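With mmCIF, C-alpha atoms inside, this is start-v4.cif:
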```
data_upload
#
loop_
_atom_site.group_PDB
_atom_site.id
_atom_site.type_symbol
_atom_site.label_atom_id
_atom_site.label_comp_id
_atom_site.auth_asym_id
_atom_site.auth_seq_id
_atom_site.Cartn_x
_atom_site.Cartn_y
_atom_site.Cartn_z
ATOM 1 C CA MET A 22 18.418 -23.834 -45.425
ATOM 2 C CA GLU A 23 21.947 -22.826 -46.407
ATOM 3 C CA ASN A 24 20.866 -22.250 -49.999
ATOM 4 C CA SER A 25 17.860 -20.238 -48.831
ATOM 5 C CA SER A 26 20.065 -17.989 -46.696
ATOM 6 C CA THR A 27 22.580 -17.586 -49.521
ATOM 7 C CA MET A 28 19.804 -16.613 -51.925
ATOM 8 C CA SER A 29 18.369 -13.876 -49.690
ATOM 9 C CA LYS A 30 21.837 -12.530 -48.803
ATOM 10 C CA SER A 31 22.656 -12.370 -52.515
ATOM 11 C CA ALA A 32 19.451 -10.442 -53.201
ATOM 12 C CA VAL A 33 20.382 -7.912 -50.499
ATOM 13 C CA LYS A 34 23.870 -7.546 -51.996
ATOM 14 C CA ILE A 35 22.418 -6.878 -55.447
ATOM 15 C CA SER A 36 20.216 -4.074 -54.115
ATOM 16 C CA LEU A 37 23.162 -2.580 -52.188
ATOM 17 C CA ASP A 38 25.317 -2.718 -55.319
ATOM 18 C CA LEU A 39 22.585 -0.924 -57.244
ATOM 19 C CA LEU A 40 22.392 1.769 -54.565
ATOM 20 C CA SER A 41 26.109 2.453 -55.030
ATOM 21 C CA ASN A 42 25.646 2.864 -58.794
ATOM 22 C CA PRO A 43 26.398 6.438 -59.922
ATOM 23 C CA LEU A 44 23.092 6.480 -61.789
ATOM 24 C CA CYS A 45 21.329 6.751 -58.417
ATOM 25 C CA GLU A 46 22.953 10.163 -57.970
ATOM 26 C CA GLN A 47 21.862 11.289 -61.420
ATOM 27 C CA ASP A 48 18.279 10.013 -61.567
ATOM 28 C CA GLN A 49 15.936 10.500 -58.612
ATOM 29 C CA ASP A 50 13.322 8.137 -60.050
ATOM 30 C CA PHE A 51 15.903 5.406 -60.403
ATOM 31 C CA LEU A 52 17.111 6.063 -56.858
ATOM 32 C CA ASN A 53 13.537 5.748 -55.562
ATOM 33 C CA MET A 54 13.090 2.424 -57.393
ATOM 34 C CA VAL A 55 16.361 0.987 -56.103
ATOM 35 C CA THR A 56 15.624 2.199 -52.564
ATOM 36 C CA ALA A 57 12.252 0.460 -52.665
ATOM 37 C CA LEU A 58 13.940 -2.696 -53.959
ATOM 38 C CA ASP A 59 16.594 -2.523 -51.232
ATOM 39 C CA THR A 60 13.940 -2.166 -48.519
ATOM 40 C CA ALA A 61 12.034 -5.142 -49.935
ATOM 41 C CA MET A 62 15.161 -7.315 -50.126
ATOM 42 C CA LYS A 63 16.098 -6.529 -46.535
ATOM 43 C CA ARG A 64 12.571 -7.380 -45.382
ATOM 44 C CA MET A 65 12.758 -10.606 -47.357
ATOM 45 C CA ASP A 66 16.110 -11.485 -45.779
ATOM 46 C CA ALA A 67 14.773 -10.822 -42.277
ATOM 47 C CA PHE A 68 11.745 -13.074 -42.784
ATOM 48 C CA ASN A 69 13.919 -15.704 -44.410
ATOM 49 C CA GLN A 70 16.213 -15.717 -41.394
ATOM 50 C CA GLU A 71 13.196 -16.165 -39.121
ATOM 51 C CA LYS A 72 12.093 -19.098 -41.265
ATOM 52 C CA VAL A 73 15.559 -20.667 -41.155
ATOM 53 C CA ASN A 74 15.788 -20.275 -37.369
ATOM 54 C CA GLN A 75 12.309 -21.749 -36.897
ATOM 55 C CA ILE A 76 13.051 -24.757 -39.093
ATOM 56 C CA GLN A 77 16.413 -25.270 -37.418
ATOM 57 C CA LYS A 78 14.820 -25.360 -33.963
ATOM 58 C CA THR A 79 11.627 -27.287 -34.715
ATOM 59 C CA VAL A 80 12.675 -29.606 -37.570
ATOM 60 C CA ILE A 81 16.422 -30.099 -37.961
ATOM 61 C CA GLU A 82 17.345 -30.335 -34.281
ATOM 62 C CA PRO A 83 14.518 -32.806 -33.442
ATOM 63 C CA LEU A 84 15.563 -34.964 -36.400
ATOM 64 C CA LYS A 85 19.156 -34.978 -35.164
ATOM 65 C CA LYS A 86 17.972 -36.001 -31.693
ATOM 66 C CA PHE A 87 15.882 -38.784 -33.214
ATOM 67 C CA GLY A 88 18.893 -39.993 -35.163
ATOM 68 C CA SER A 89 20.986 -40.070 -31.987
ATOM 69 C CA VAL A 90 18.969 -43.002 -30.596
ATOM 70 C CA PHE A 91 20.034 -45.362 -33.397
ATOM 71 C CA PRO A 92 23.525 -46.167 -32.037
ATOM 72 C CA SER A 93 21.942 -47.306 -28.755
ATOM 73 C CA LEU A 94 19.270 -49.218 -30.648
ATOM 74 C CA ASN A 95 21.862 -50.933 -32.825
ATOM 75 C CA MET A 96 23.893 -51.812 -29.744
ATOM 76 C CA ALA A 97 20.853 -53.447 -28.143
ATOM 77 C CA VAL A 98 20.354 -55.554 -31.276
ATOM 78 C CA LYS A 99 24.025 -56.563 -31.275
ATOM 79 C CA ARG A 100 23.857 -57.545 -27.597
ATOM 80 C CA ARG A 101 20.827 -59.702 -28.347
ATOM 81 C CA GLU A 102 22.642 -61.360 -31.279
ATOM 82 C CA GLN A 103 25.691 -62.057 -29.101
ATOM 83 C CA ALA A 104 23.471 -63.540 -26.389
ATOM 84 C CA LEU A 105 21.792 -65.732 -29.018
ATOM 85 C CA GLN A 106 25.165 -67.052 -30.227
ATOM 86 C CA ASP A 107 26.229 -67.848 -26.667
ATOM 87 C CA TYR A 108 22.900 -69.567 -26.046
ATOM 88 C CA ARG A 109 23.156 -71.684 -29.206
ATOM 89 C CA ARG A 110 26.745 -72.641 -28.433
ATOM 90 C CA LEU A 111 25.912 -73.890 -24.930
ATOM 91 C CA GLN A 112 22.657 -75.506 -26.114
ATOM 92 C CA ALA A 113 24.651 -77.477 -28.683
ATOM 93 C CA LYS A 114 27.046 -78.524 -25.914
ATOM 94 C CA VAL A 115 24.150 -79.799 -23.784
ATOM 95 C CA GLU A 116 22.653 -81.687 -26.720
ATOM 96 C CA LYS A 117 26.013 -83.323 -27.454
ATOM 97 C CA TYR A 118 26.249 -84.738 -23.927
ATOM 98 C CA GLU A 119 22.574 -85.787 -24.004
ATOM 99 C CA GLU A 120 23.282 -87.948 -27.057
ATOM 100 C CA LYS A 121 26.222 -89.738 -25.432
ATOM 101 C CA GLU A 122 26.047 -92.866 -23.316
ATOM 102 C CA LYS A 123 24.977 -91.965 -19.817
ATOM 103 C CA THR A 124 28.163 -92.735 -17.915
ATOM 104 C CA GLY A 125 29.164 -91.046 -14.684
ATOM 105 C CA PRO A 126 31.593 -88.550 -16.241
ATOM 106 C CA VAL A 127 29.151 -87.754 -19.071
ATOM 107 C CA LEU A 128 26.302 -87.098 -16.623
ATOM 108 C CA ALA A 129 28.564 -84.822 -14.604
ATOM 109 C CA LYS A 130 29.517 -82.857 -17.709
ATOM 110 C CA LEU A 131 25.872 -82.746 -18.799
ATOM 111 C CA HIS A 132 24.851 -81.319 -15.433
ATOM 112 C CA GLN A 133 27.624 -78.722 -15.611
ATOM 113 C CA ALA A 134 26.666 -77.768 -19.188
ATOM 114 C CA ARG A 135 23.009 -77.340 -18.166
ATOM 115 C CA GLU A 136 24.076 -75.124 -15.263
ATOM 116 C CA GLU A 137 26.141 -72.997 -17.626
ATOM 117 C CA LEU A 138 23.258 -72.830 -20.101
ATOM 118 C CA ARG A 139 20.599 -71.625 -17.658
ATOM 119 C CA PRO A 140 21.848 -68.032 -17.002
ATOM 120 C CA VAL A 141 22.854 -67.596 -20.646
ATOM 121 C CA ARG A 142 19.393 -68.706 -21.790
ATOM 122 C CA ASP A 143 17.728 -66.398 -19.273
ATOM 123 C CA ASP A 144 19.910 -63.497 -20.456
ATOM 124 C CA PHE A 145 19.025 -64.116 -24.108
ATOM 125 C CA GLU A 146 15.313 -64.455 -23.387
ATOM 126 C CA ALA A 147 15.329 -61.192 -21.397
ATOM 127 C CA LYS A 148 17.107 -59.299 -24.183
ATOM 128 C CA ASN A 149 14.850 -60.876 -26.802
ATOM 129 C CA ARG A 150 11.664 -59.963 -24.878
ATOM 130 C CA GLN A 151 12.874 -56.403 -24.486
ATOM 131 C CA LEU A 152 13.397 -55.990 -28.230
ATOM 132 C CA LEU A 153 10.129 -57.717 -29.110
ATOM 133 C CA ASP A 154 8.324 -55.340 -26.757
ATOM 134 C CA GLU A 155 10.142 -52.091 -27.487
ATOM 135 C CA MET A 156 10.999 -52.286 -31.187
ATOM 136 C CA PRO A 157 7.338 -52.177 -32.344
ATOM 137 C CA ARG A 158 6.683 -49.291 -29.940
ATOM 138 C CA PHE A 159 9.712 -47.436 -31.278
ATOM 139 C CA TYR A 160 8.633 -48.091 -34.857
ATOM 140 C CA SER A 161 5.037 -46.974 -34.299
ATOM 141 C CA SER A 162 6.110 -43.823 -32.422
ATOM 142 C CA ARG A 163 7.817 -42.319 -35.476
ATOM 143 C CA LEU A 164 4.686 -40.568 -36.746
ATOM 144 C CA ASP A 165 3.895 -39.055 -33.345
ATOM 145 C CA TYR A 166 7.462 -37.772 -33.139
ATOM 146 C CA PHE A 167 7.755 -36.437 -36.682
ATOM 147 C CA GLN A 168 4.283 -34.924 -37.069
ATOM 148 C CA PRO A 169 4.936 -31.773 -34.976
ATOM 149 C CA SER A 170 8.134 -31.145 -36.968
ATOM 150 C CA PHE A 171 6.331 -31.510 -40.277
ATOM 151 C CA GLU A 172 3.534 -29.216 -39.095
ATOM 152 C CA SER A 173 6.096 -26.632 -37.988
ATOM 153 C CA LEU A 174 7.864 -26.878 -41.347
ATOM 154 C CA ILE A 175 4.600 -26.233 -43.188
ATOM 155 C CA ARG A 176 3.674 -23.316 -40.908
ATOM 156 C CA ALA A 177 7.105 -21.730 -41.358
ATOM 157 C CA GLN A 178 6.801 -21.989 -45.129
ATOM 158 C CA VAL A 179 3.247 -20.607 -45.126
ATOM 159 C CA VAL A 180 4.248 -17.604 -42.994
ATOM 160 C CA TYR A 181 7.326 -16.937 -45.125
ATOM 161 C CA TYR A 182 5.600 -17.085 -48.494
ATOM 162 C CA SER A 183 2.624 -15.095 -47.214
ATOM 163 C CA GLU A 184 5.028 -12.343 -46.188
ATOM 164 C CA MET A 185 6.853 -12.621 -49.515
ATOM 165 C CA HIS A 186 3.525 -12.096 -51.286
ATOM 166 C CA LYS A 187 2.941 -8.924 -49.255
ATOM 167 C CA ILE A 188 6.489 -7.630 -49.709
ATOM 168 C CA PHE A 189 6.584 -8.075 -53.465
ATOM 169 C CA GLY A 190 3.002 -6.904 -53.798
ATOM 170 C CA ASP A 191 3.980 -3.658 -52.077
ATOM 171 C CA LEU A 192 7.105 -3.422 -54.228
ATOM 172 C CA THR A 193 5.097 -3.927 -57.397
ATOM 173 C CA GLN A 194 2.735 -1.091 -56.435
ATOM 174 C CA GLN A 195 5.690 1.218 -55.829
ATOM 175 C CA LEU A 196 7.464 0.376 -59.088
ATOM 176 C CA ASP A 197 4.507 -0.319 -61.325
ATOM 177 C CA GLN A 198 3.602 2.056 -64.129
ATOM 178 C CA PRO A 199 -0.198 2.377 -64.232
ATOM 179 C CA GLY A 200 -1.815 1.364 -67.489
ATOM 180 C CA HIS A 201 1.173 -0.627 -68.741
ATOM 181 C CA SER A 202 0.561 -4.264 -69.591
ATOM 182 C CA ASP A 203 3.311 -6.880 -69.562
ATOM 183 C CA GLU A 204 3.180 -6.896 -73.361
ATOM 184 C CA GLN A 205 3.688 -3.115 -73.500
ATOM 185 C CA ARG A 206 6.634 -3.334 -71.112
ATOM 186 C CA GLU A 207 8.174 -6.067 -73.225
ATOM 187 C CA GLN A 208 7.773 -3.966 -76.363
ATOM 188 C CA GLU A 209 9.347 -0.941 -74.647
ATOM 189 C CA ASN A 210 12.294 -3.040 -73.497
ATOM 190 C CA GLU A 211 12.783 -4.457 -76.979
ATOM 191 C CA ALA A 212 12.698 -0.921 -78.446
ATOM 192 C CA LYS A 213 15.328 0.281 -75.965
ATOM 193 C CA LEU A 214 17.453 -2.795 -76.630
ATOM 194 C CA SER A 215 17.245 -2.132 -80.381
ATOM 195 C CA GLU A 216 18.479 1.408 -79.768
ATOM 196 C CA LEU A 217 21.448 0.039 -77.837
ATOM 197 C CA ARG A 218 22.223 -2.475 -80.557
ATOM 198 C CA ALA A 219 22.210 0.330 -83.118
ATOM 199 C CA LEU A 220 25.111 2.067 -81.390
ATOM 200 C CA SER A 221 28.382 1.723 -83.288
ATOM 201 C CA ILE A 222 30.273 0.543 -80.205
ATOM 202 C CA VAL A 223 28.079 -2.560 -79.918
ATOM 203 C CA ALA A 224 27.394 -3.138 -83.621
ATOM 204 C CA ASP A 225 28.437 -6.466 -85.098
ATOM 205 C CA ASP A 226 31.635 -6.445 -87.170
#
```
What is this structure when it is put down as structure tokens?
Amino acid sequence: MENSSTMSKSAVKISLDLLSNPLCEQDQDFLNMVTALDTAMKRMDAFNQEKVNQIQKTVIEPLKKFGSVFPSLNMAVKRREQALQDYRRLQAKVEKYEEKEKTGPVLAKLHQAREELRPVRDDFEAKNRQLLDEMPRFYSSRLDYFQPSFESLIRAQVVYYSEMHKIFGDLTQQLDQPGHSDEQREQENEAKLSELRALSIVADD
């Protein structure tokens, strides 16, 4: 978008620079051509700015908002991983006491370890269920979220290039010389360039 704006602004500057050329004061036909070009470039810049604004609002900003959910999503995954580590640590503690000889102190510690394990296990299972339920829904919702942005991007481009076709079509009709083919124009330009090269001030040493 920045490059697109820079391009259209540069085109407008070129036409303005041409308008300030002294030749415009000396040749009415040249002035008419440059004025037509300047009008076309300003129309192009205006439509380009509309395109940029439309894409900014309907594509770039929604993508930024979509990206903003990832820190929260990553945090939920980290919380689940931390809960899993706590669960495994306490589960290993329970299993250690279960393997020991069932003495009074061991049974007391086993009971305490199981009591500590229960809320940690419940917390992990809740976090795990949440991710198992919501992650697939988040993943599958991407297309529904992105599709309107992609459609808007395509529409903005279609409108812009349709207008560009009209603008440059009109400009061509204003500047075109009837009955001149591209080959004839190329030959005329080459002839004029040869005349310039023949001048002593540009001749090769």
With distances taken over all atoms listed in the file, the candidate from A:Pro140, A:Tyr182, A:Glu216, A:Ser170 nearest A:Lys85 is A:Ser170
If I take atom CA of A:Ser183 and atom CA of A:Gln70, how far is one from the other in Å, to one decimal?
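Atom CA of A:Gln70 lies 14.8 Å from atom CA of A:Ser183.
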Can you pull out the residues contacting stretch 157-168 of chain A? Cut-off 10 Å, using only C-alpha atoms, and skip same-chain residues under 2 positions away; I want them as a ChimeraX atom specification.
/A:80,83-84,87,94,152-155,170-174
Produce a table with one row for each residue of stretch 50-164 of chain A that has an atom at most 8 Å from any atom of stretch 24-29 of chain A, each row naming the nearest atom pair and its distance in Å at one decimal; use all atoms listed in the file; arrange rows by chain and rising residue number; format as a Markdown table.
```
| residue | atom | partner | partner_atom | distance |
| --- | --- | --- | --- | --- |
| A:Met62 | CA | A:Ser29 | CA | 7.3 |
| A:Met65 | CA | A:Ser29 | CA | 6.9 |
| A:Asp66 | CA | A:Ser29 | CA | 5.1 |
| A:Asn69 | CA | A:Ser26 | CA | 6.9 |
| A:Gln70 | CA | A:Ser26 | CA | 6.9 |
| A:Val73 | CA | A:Ser26 | CA | 7.6 |
```
Report, in Å to a single decimal, how far apart atom CA of A:Ser36 and atom CA of A:Ile222 are.
28.3 Å
In Å, rounded to a single decimal, give me how far atom CA of A:Gln151 is from atom CA of A:Glu136.
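We find that atom CA of A:Glu136 and atom CA of A:Gln151 lie 23.7 Å from each other.
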Output check: residues returned by the PyMOL selection byres ((chain A and resi 184) around 12), as a PyMOL selection string:
chain A and resi 61-62+64-69+71-72+177-183+185-191
Restrict the selected residues to C-alpha atoms and save them as a PDB file, keeping the file's coordinate frame.
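Written file, again-v4.pdb:
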```pdb
ATOM      1  CA  ALA A  61      12.034  -5.142 -49.935  1.00  0.00           C
ATOM      2  CA  MET A  62      15.161  -7.315 -50.126  1.00  0.00           C
ATOM      3  CA  ARG A  64      12.571  -7.380 -45.382  1.00  0.00           C
ATOM      4  CA  MET A  65      12.758 -10.606 -47.357  1.00  0.00           C
ATOM      5  CA  ASP A  66      16.110 -11.485 -45.779  1.00  0.00           C
ATOM      6  CA  ALA A  67      14.773 -10.822 -42.277  1.00  0.00           C
ATOM      7  CA  PHE A  68      11.745 -13.074 -42.784  1.00  0.00           C
ATOM      8  CA  ASN A  69      13.919 -15.704 -44.410  1.00  0.00           C
ATOM      9  CA  GLU A  71      13.196 -16.165 -39.121  1.00  0.00           C
ATOM     10  CA  LYS A  72      12.093 -19.098 -41.265  1.00  0.00           C
ATOM     11  CA  ALA A 177       7.105 -21.730 -41.358  1.00  0.00           C
ATOM     12  CA  GLN A 178       6.801 -21.989 -45.129  1.00  0.00           C
ATOM     13  CA  VAL A 179       3.247 -20.607 -45.126  1.00  0.00           C
ATOM     14  CA  VAL A 180       4.248 -17.604 -42.994  1.00  0.00           C
ATOM     15  CA  TYR A 181       7.326 -16.937 -45.125  1.00  0.00           C
ATOM     16  CA  TYR A 182       5.600 -17.085 -48.494  1.00  0.00           C
ATOM     17  CA  SER A 183       2.624 -15.095 -47.214  1.00  0.00           C
ATOM     18  CA  MET A 185       6.853 -12.621 -49.515  1.00  0.00           C
ATOM     19  CA  HIS A 186       3.525 -12.096 -51.286  1.00  0.00           C
ATOM     20  CA  LYS A 187       2.941  -8.924 -49.255  1.00  0.00           C
ATOM     21  CA  ILE A 188       6.489  -7.630 -49.709  1.00  0.00           C
ATOM     22  CA  PHE A 189       6.584  -8.075 -53.465  1.00  0.00           C
ATOM     23  CA  GLY A 190       3.002  -6.904 -53.798  1.00  0.00           C
ATOM     24  CA  ASP A 191       3.980  -3.658 -52.077  1.00  0.00           C
TER      25      ASP A 191
END
```
When the PyMOL selection byres ((chain A and resi 149) around 12) is applied to the file above, which residues end up in the set, as a short mmCIF file (atom, residue, chain, number, x, y, z; two decimals) with C-alpha atoms, keeping the file's coordinate frame?
```cif
data_model
loop_
_atom_site.label_atom_id
_atom_site.label_comp_id
_atom_site.auth_asym_id
_atom_site.auth_seq_id
_atom_site.Cartn_x
_atom_site.Cartn_y
_atom_site.Cartn_z
CA ALA A 97 20.85 -53.45 -28.14
CA VAL A 98 20.35 -55.55 -31.28
CA LYS A 99 24.02 -56.56 -31.28
CA ARG A 100 23.86 -57.54 -27.60
CA ARG A 101 20.83 -59.70 -28.35
CA GLU A 102 22.64 -61.36 -31.28
CA GLN A 103 25.69 -62.06 -29.10
CA ALA A 104 23.47 -63.54 -26.39
CA LEU A 105 21.79 -65.73 -29.02
CA TYR A 108 22.90 -69.57 -26.05
CA ARG A 142 19.39 -68.71 -21.79
CA ASP A 143 17.73 -66.40 -19.27
CA ASP A 144 19.91 -63.50 -20.46
CA PHE A 145 19.02 -64.12 -24.11
CA GLU A 146 15.31 -64.46 -23.39
CA ALA A 147 15.33 -61.19 -21.40
CA LYS A 148 17.11 -59.30 -24.18
CA ARG A 150 11.66 -59.96 -24.88
CA GLN A 151 12.87 -56.40 -24.49
CA LEU A 152 13.40 -55.99 -28.23
CA LEU A 153 10.13 -57.72 -29.11
CA ASP A 154 8.32 -55.34 -26.76
CA GLU A 155 10.14 -52.09 -27.49
CA MET A 156 11.00 -52.29 -31.19
#
```
Which residues, named as in the file, does the PyMOL selection byres ((chain A and resi 134) around 12) pick out? Answer as a PyMOL selection string.
chain A and resi 108+110-119+127-133+135-142
Select, from A:Glu120, A:Glu209, A:Glu23, A:Glu204, the residue with the minimum atom-to-atom distance to A:Gln77, counting only C-alpha atoms.
A:Glu23
Given only C-alpha atoms as the basis, pick out the residue of A:Leu214, A:Ile81, A:Leu39, A:Val90 nearest to A:Phe51.
A:Leu39
